Protein chains: 2
Amino acid sequence: MGFSITILGCSSAIPTVDRNPSGQVINFKDRLYLIDCAEGTQLQLRRYMSRIQRLQAIFISHLHGDHFFGLVGLISTLNLLGRKKELHVYGPEGLEEIVMLQLTYSQTQLVYPLFFHATTPGISEVICDEDDFEVVTIPLDHRIPTHGFVFREKRVLPKIRKEVVFSETIPYTEYQRIKEGDDYIMEDGTILPHESLTIPAAPPRSYAYCSDTRYTETIIPFIKDVDLLYHETTFLKDLTEQADLKFHSTAEQAATIAKLADVKKLLIGHYSARYDEPEKLLDEALQVFKETYLSYDGLTINIEKEKTVNA
Amino acid sequence: MGFSITILGCSSAIPTVDRNPSGQVINFKDRLYLIDCAEGTQLQLRRYMSRIQRLQAIFISHLHGDHFFGLVGLISTLNLLGRKKELHVYGPEGLEEIVMLQLTYSQTQLVYPLFFHATTPGISEVICDEDDFEVVTIPLDHRIPTHGFVFREKRVLPKIRKEVVFSETIPYTEYQRIKEGDDYIMEDGTILPHESLTIPAAPPRSYAYCSDTRYTETIIPFIKDVDLLYHETTFLKDLTEQADLKFHSTAEQAATIAKLADVKKLLIGHYSARYDEPEKLLDEALQVFKETYLSYDGLTINIEKEKTVNA
């Protein structure tokens with residue numbers, strides 16, 4: 001059951017020929033979720049992903065242009081391509097007004113249902129709650145109201161062991177209760193402990209997206225232990241003062257957050273256009289946090305399931 | 001004194017990997033004028049043009065997304081790149097509201113003066129009047145209010161012939177009057193005719209942009225005899241009915257307009273994404289009008305000065 005992240009853009013502010021501004025896709029069990037949608041994102045989506053109508057929802061972190069100027073174009077193109085399925089957009093108050101104003105002037109009639117859900121500035125909340133997946137907002141420290149997002153797979157119940165099923169000692173109707181954690185008590189009073197009857201499921205996987213933000217340890221409780229953290233690294237540490245003034249982070253700061261939050265892997269991006277070679281940002285981050293990886297447009301990272309005992 | 005057109009996008013509606021939607025740049029004497037600004041235009045500009053801050057004005061034909069969704073991004077990028085010089089945007093009512101709403105939400109303070117000039121639907125008018133150049137709107141026949149544009153070089157006065165200057169028979173103070181068409185009368189009453197004293201300037205050059213539009217002969221008086229006509233060719237003639245329903249033109253129709261208007265050259269573009277090979281559209285147009293050329297992203301066409309006698 002796949003869980004992967006594909007980078008559609010890793011530039012900050014200005015697109016370059018090699019790097020589009022922010023946009024990335026989570027492919028979770030063949031459903032697509034877009035985070036941020038800079039100008040040009042629709043083309044990056046078509047370049048790097050197949051079947052873009054599998055897009056279920058879009059999450060916009062904040063209303064700086066390099067994070068949402070491509071939204072109205074994507075919404076229009078999905079319409080022109082004949083989308084029928086509903087689409088949900090989560091983002092700051094104002095996004096709906098911006099999109100609808102443009103659709104009104106262009107006299108565009110959407111042929112699919114489009115729903116906007118405004119995020120609440122300054123707090124963390126569950127904004128998307130599906131059977132197998134939830135999305136929680138993280139208040140970031142940026143010039144305008146900005147949220148990061150944690151995409152968290154929901155806990156999967158353990159499986160009943162094959163030998164238990166074959167032995168037919170336990171009625172099928174008891175399986176659900178056992179999966180949920182109960183032991184089984186035989187007619188003679190013997191207790192069969194939950195652990196002996198089940199194979200634990202892999203721990204739920206998680207991905208956190210934190211862009212744009214100043215260095216802030218307030219985000220740590222939200223991103224603690226995630227499998228993969230994307231944290232912006234607009235600057236190198238020689239520009240720490242500028243990073244602070246512009247409400248952005250350095251590579252060293254991103255790596256420090258990754259370390260303090262005990263994440264498994266750190267993915268850096270949102271590079272200032274001044275850096276032709278983002279490897280310098282990687283080198284800086286690696287000094288602090290070994291499991292750091294560099295974003296580039298088109299990169300896909302899989303979040304693998306942890307192997308479980310007897311699985 | 002250069003006058004060239006560079007195609008930044010020639011797709012209709014949806015961007016493809018090879019073709020961006022509408023956008024083109026007129027380079028007139030090293031000043032740049034942008035017509036239409038689809039999503040992705042800023043990147044195309046940087047890909048194909050140098051010194052984009054030479055941009056003087058932007059003309060938006062209508063408020064369908066494939067003609068203006070890139071405007072706010074371009075305006076923002078010029079700001080981030082530190083533009084100081086004023087920028088003028090000509091286009092339908094609503095454009096200013098759309099751009100300003102987005103700049104307001106993103107709390108963007110422009111560091112250069114930005115002026116919007118609303119075009120008047122349904123009429124033709126001079127919207128930009130410079131010393132050497134004017135821009136006139138052409139009402140087109142599209143689903144929403146749409147204008148084409150004619151960029152017309154202003155008449156240049158003839159030069160005084162070198163031999164007249166060297167002979168010193170005519171006072172320097174008379175030159176302007178003679179350039180403007182007067183003959184010169186010598187003290188003894190001899191008339192030196194204007195033509196014998198001057199070298200005529202090359203005729204003024206002109207470029208007309210007509211996209212998007214249904215086939216309509218009402219545009220002919222506006223584009224009569226232009227050096228270069230860009231006319232949309234969304235479809236092949238087997239889809240004439242669809243073209244009409246969707247307020248677009250076929251290649252045959254564009255060529256017919258070019259022929260009826262006696263233009264010197266026709267440039268076709270705004271191809272439906274269904275055509276992988278726009279050469280088919282060229283073949284159809286060539287049946288009607290021989291001087292037809294195919295747009296592709298990155299194409300530059302120079303409008304040469306006509307050679308004049310003794311020039």
# chains A, B, ... in the order shown; residues from 1 in each chain; ligands from 1
$ residues_around --residues "segment 193-200 of chain A" --least-positions-apart "3" --cutoff "9 Å" --atoms "only C-alpha atoms" --output "PyMOL selection string"
chain A and resi 156-164+178-185+203+308-311
$ closest_atom_pairs --of "chain B" --to "chain A" --cutoff "7 Å" --atoms "only C-alpha atoms" --output "CSV"
residue,atom,partner,partner_atom,distance
B:Ile14,CA,A:Thr77,CA,6.3
B:Pro15,CA,A:Leu43,CA,6.8
B:Glu39,CA,A:Glu39,CA,6.3
B:Gly40,CA,A:Gly40,CA,5.6
B:Leu43,CA,A:Pro15,CA,6.8
B:Leu63,CA,A:Ser106,CA,5.1
B:His64,CA,A:Ser106,CA,4.9
B:Gly65,CA,A:Gly73,CA,6.8
B:Phe69,CA,A:Gly73,CA,6.7
B:Gly73,CA,A:Phe69,CA,6.7
B:Thr77,CA,A:Ile14,CA,6.3
B:Ile98,CA,A:Gln102,CA,6.7
B:Leu101,CA,A:Ile98,CA,6.9
B:Gln102,CA,A:Ile98,CA,6.7
B:Tyr105,CA,A:Leu63,CA,6.3
B:Ser106,CA,A:His64,CA,4.9
$ select_by_dssp --residues "segment 52-205 of chain B" --states "alpha helix (DSSP H)" --output "VMD selection string"
chain B and resid 65 to 68 71 to 80 95 to 105 162 to 167 175 to 179 194 to 197
$ residues_around --residues "Thr250 of chain A" --least-positions-apart "5" --cutoff "9 Å" --atoms "only C-alpha atoms" --output "VMD selection string"
chain A and resid 214 to 215 232 to 240 243 to 244 255 281 284 to 285
$ atom_distance --atom1 "atom CA of Arg54 of chain A" --atom2 "atom CA of Val111 of chain A"
16.0 Å
$ closest_residue --among "B:Ser211, B:Arg205, B:Gln242, B:Ser295" --to "Val263 of chain B" --atoms "only C-alpha atoms"
B:Arg205
$ residues_around --residues "Leu267 of chain A" --least-positions-apart "2" --cutoff "12 Å" --atoms "only C-alpha atoms" --output "NGL selection string"
:A and (5-7 or 10 or 207-211 or 226-233 or 251 or 254-255 or 257-258 or 263-265 or 269-271 or 281-282 or 285-286 or 289-296 or 299-302)
$ write_last_selection --atoms "N, CA and C atoms" --output "compact mmCIF listing (two decimals), in the first residue's frame"
# COMPACT_ATOMS: atom_id res chain seq x y z
N ILE A 5 5.92 10.64 -1.89
CA ILE A 5 5.89 12.09 -2.09
C ILE A 5 6.65 12.38 -3.38
N THR A 6 6.05 13.16 -4.28
CA THR A 6 6.76 13.58 -5.48
C THR A 6 6.89 15.10 -5.48
N ILE A 7 8.11 15.57 -5.66
CA ILE A 7 8.37 17.01 -5.65
C ILE A 7 8.08 17.58 -7.05
N CYS A 10 10.71 22.99 -6.10
CA CYS A 10 11.46 23.17 -4.85
C CYS A 10 12.17 24.51 -4.81
N TYR A 207 3.96 11.89 7.25
CA TYR A 207 4.76 12.84 6.48
C TYR A 207 4.39 14.24 6.94
N ALA A 208 5.39 15.07 7.19
CA ALA A 208 5.11 16.46 7.61
C ALA A 208 5.71 17.43 6.61
N TYR A 209 4.94 18.45 6.28
CA TYR A 209 5.36 19.48 5.32
C TYR A 209 5.43 20.81 6.07
N CYS A 210 6.61 21.41 6.15
CA CYS A 210 6.75 22.69 6.87
C CYS A 210 7.42 23.72 5.98
N SER A 211 6.58 24.48 5.27
CA SER A 211 7.09 25.55 4.42
C SER A 211 5.94 26.53 4.25
N VAL A 226 7.97 11.72 12.92
CA VAL A 226 7.40 11.41 11.59
C VAL A 226 8.44 10.66 10.75
N ASP A 227 7.94 9.91 9.77
CA ASP A 227 8.85 9.16 8.91
C ASP A 227 9.64 10.08 8.00
N LEU A 228 8.97 11.12 7.52
CA LEU A 228 9.63 12.04 6.62
C LEU A 228 9.17 13.45 6.93
N LEU A 229 10.13 14.35 7.09
CA LEU A 229 9.83 15.77 7.31
C LEU A 229 10.37 16.55 6.13
N TYR A 230 9.49 17.31 5.46
CA TYR A 230 9.96 18.31 4.49
C TYR A 230 10.02 19.62 5.26
N HIS A 231 11.21 20.20 5.33
CA HIS A 231 11.34 21.50 6.01
C HIS A 231 12.06 22.45 5.07
N GLU A 232 11.54 23.65 4.95
CA GLU A 232 12.15 24.61 4.04
C GLU A 232 13.57 24.96 4.46
N THR A 233 14.42 25.16 3.45
CA THR A 233 15.79 25.64 3.66
C THR A 233 16.04 26.68 2.59
N ALA A 251 19.51 25.91 6.23
CA ALA A 251 19.66 24.45 6.18
C ALA A 251 20.01 23.91 7.57
N ALA A 254 16.86 23.84 9.70
CA ALA A 254 15.96 22.74 9.33
C ALA A 254 16.46 21.42 9.92
N ALA A 255 17.76 21.23 9.82
CA ALA A 255 18.35 19.98 10.33
C ALA A 255 18.25 19.90 11.85
N ILE A 257 15.85 21.20 13.67
CA ILE A 257 14.45 20.83 13.95
C ILE A 257 14.26 19.32 13.74
N ALA A 258 14.81 18.81 12.64
CA ALA A 258 14.68 17.36 12.33
C ALA A 258 15.26 16.53 13.48
N VAL A 263 12.84 12.89 13.78
CA VAL A 263 12.19 12.37 12.57
C VAL A 263 13.13 11.34 11.95
N LYS A 264 12.58 10.49 11.09
CA LYS A 264 13.44 9.46 10.50
C LYS A 264 14.27 10.03 9.36
N LYS A 265 13.61 10.81 8.49
CA LYS A 265 14.33 11.41 7.37
C LYS A 265 13.91 12.87 7.20
N GLY A 269 14.14 21.71 0.88
CA GLY A 269 13.71 22.33 -0.37
C GLY A 269 13.37 23.79 -0.14
N HIS A 270 12.70 24.41 -1.15
CA HIS A 270 12.37 25.83 -1.11
C HIS A 270 13.66 26.67 -1.09
N TYR A 271 14.52 26.34 -2.02
CA TYR A 271 15.83 26.99 -2.11
C TYR A 271 15.71 28.37 -2.73
N LEU A 281 23.43 23.40 0.45
CA LEU A 281 22.43 23.36 1.52
C LEU A 281 22.41 21.98 2.16
N LEU A 282 22.53 20.97 1.30
CA LEU A 282 22.56 19.59 1.81
C LEU A 282 23.77 19.39 2.72
N ALA A 285 23.17 20.88 6.08
CA ALA A 285 22.20 20.13 6.89
C ALA A 285 22.80 18.82 7.41
N LEU A 286 23.60 18.17 6.56
CA LEU A 286 24.19 16.88 6.94
C LEU A 286 25.13 16.99 8.14
N PHE A 289 22.26 16.64 10.78
CA PHE A 289 21.31 15.53 10.72
C PHE A 289 21.65 14.65 9.52
N LYS A 290 22.05 13.42 9.82
CA LYS A 290 22.62 12.54 8.78
C LYS A 290 21.60 12.14 7.70
N GLU A 291 20.38 11.90 8.12
CA GLU A 291 19.39 11.38 7.16
C GLU A 291 18.69 12.52 6.43
N THR A 292 19.48 13.36 5.78
CA THR A 292 18.92 14.50 5.04
C THR A 292 19.01 14.23 3.54
N TYR A 293 17.97 14.60 2.82
CA TYR A 293 17.93 14.40 1.36
C TYR A 293 17.54 15.71 0.69
N LEU A 294 17.98 15.82 -0.55
CA LEU A 294 17.80 17.04 -1.32
C LEU A 294 16.60 16.91 -2.25
N SER A 295 15.70 17.88 -2.24
CA SER A 295 14.60 17.88 -3.21
C SER A 295 15.11 18.30 -4.59
N TYR A 296 14.53 17.73 -5.61
CA TYR A 296 14.66 18.28 -6.97
C TYR A 296 13.35 17.99 -7.68
N LEU A 299 11.58 14.41 -8.16
CA LEU A 299 11.99 13.39 -7.17
C LEU A 299 10.77 12.73 -6.53
N THR A 300 10.80 11.40 -6.43
CA THR A 300 9.78 10.68 -5.66
C THR A 300 10.46 9.93 -4.51
N ILE A 301 9.94 10.13 -3.30
CA ILE A 301 10.44 9.39 -2.13
C ILE A 301 9.32 8.51 -1.61
N ASN A 302 9.62 7.23 -1.48
CA ASN A 302 8.63 6.31 -0.90
C ASN A 302 8.80 6.24 0.60
$ select_by_dssp --residues "segment 44-122 of chain B" --states "strand (DSSP E)" --output "ChimeraX atom specification"
/B:55-59,87-92,114-119
$ residues_around --residues "Thr120 of chain A" --least-positions-apart "3" --cutoff "10 Å" --atoms "only C-alpha atoms" --output "list in words"
Gly91, Pro92, Glu93, His117, Ile123, Ser124, Glu125, Ile127, Thr137, Pro139, Pro145, Thr146 and His147 of chain A
$ write_last_selection --atoms "C-alpha atoms" --output "short mmCIF file (atom, residue, chain, number, x, y, z; two decimals), in the first residue's frame"
data_model
loop_
_atom_site.label_atom_id
_atom_site.label_comp_id
_atom_site.auth_asym_id
_atom_site.auth_seq_id
_atom_site.Cartn_x
_atom_site.Cartn_y
_atom_site.Cartn_z
CA GLY A 91 -6.27 26.66 2.70
CA PRO A 92 -6.43 30.15 4.15
CA GLU A 93 -9.54 32.28 4.09
CA HIS A 117 -12.40 24.56 3.45
CA ILE A 123 -4.05 26.70 15.68
CA SER A 124 -3.57 23.03 14.88
CA GLU A 125 -6.63 21.05 13.84
CA ILE A 127 -8.82 19.35 8.54
CA THR A 137 -2.44 21.60 10.35
CA PRO A 139 0.89 26.70 12.73
CA PRO A 145 -0.83 33.19 8.30
CA THR A 146 0.77 29.91 7.26
CA HIS A 147 0.19 26.27 8.05
#
$ residues_around --residues "His88 of chain B" --least-positions-apart "4" --cutoff "7 Å" --atoms "only C-alpha atoms" --output "ChimeraX atom specification"
/B:56-58,114-116
$ atom_distance --atom1 "atom CA of His67 of chain A" --atom2 "atom CA of Gly9 of chain A"
9.9 Å
$ residues_around --residues "Pro113 of chain A" --least-positions-apart "4" --cutoff "9 Å" --atoms "only C-alpha atoms" --output "PDB file with C-alpha atoms, in the first residue's frame"
ATOM      1  CA  LYS A  84     -16.722  14.837 -12.717  1.00  0.00           C
ATOM      2  CA  LYS A  85     -15.440  13.873  -9.264  1.00  0.00           C
ATOM      3  CA  GLU A  86     -15.522  16.383  -6.446  1.00  0.00           C
ATOM      4  CA  LEU A  87     -12.369  18.239  -5.428  1.00  0.00           C
ATOM      5  CA  HIS A  88     -11.588  19.652  -1.995  1.00  0.00           C
TER       6      HIS A  88
END
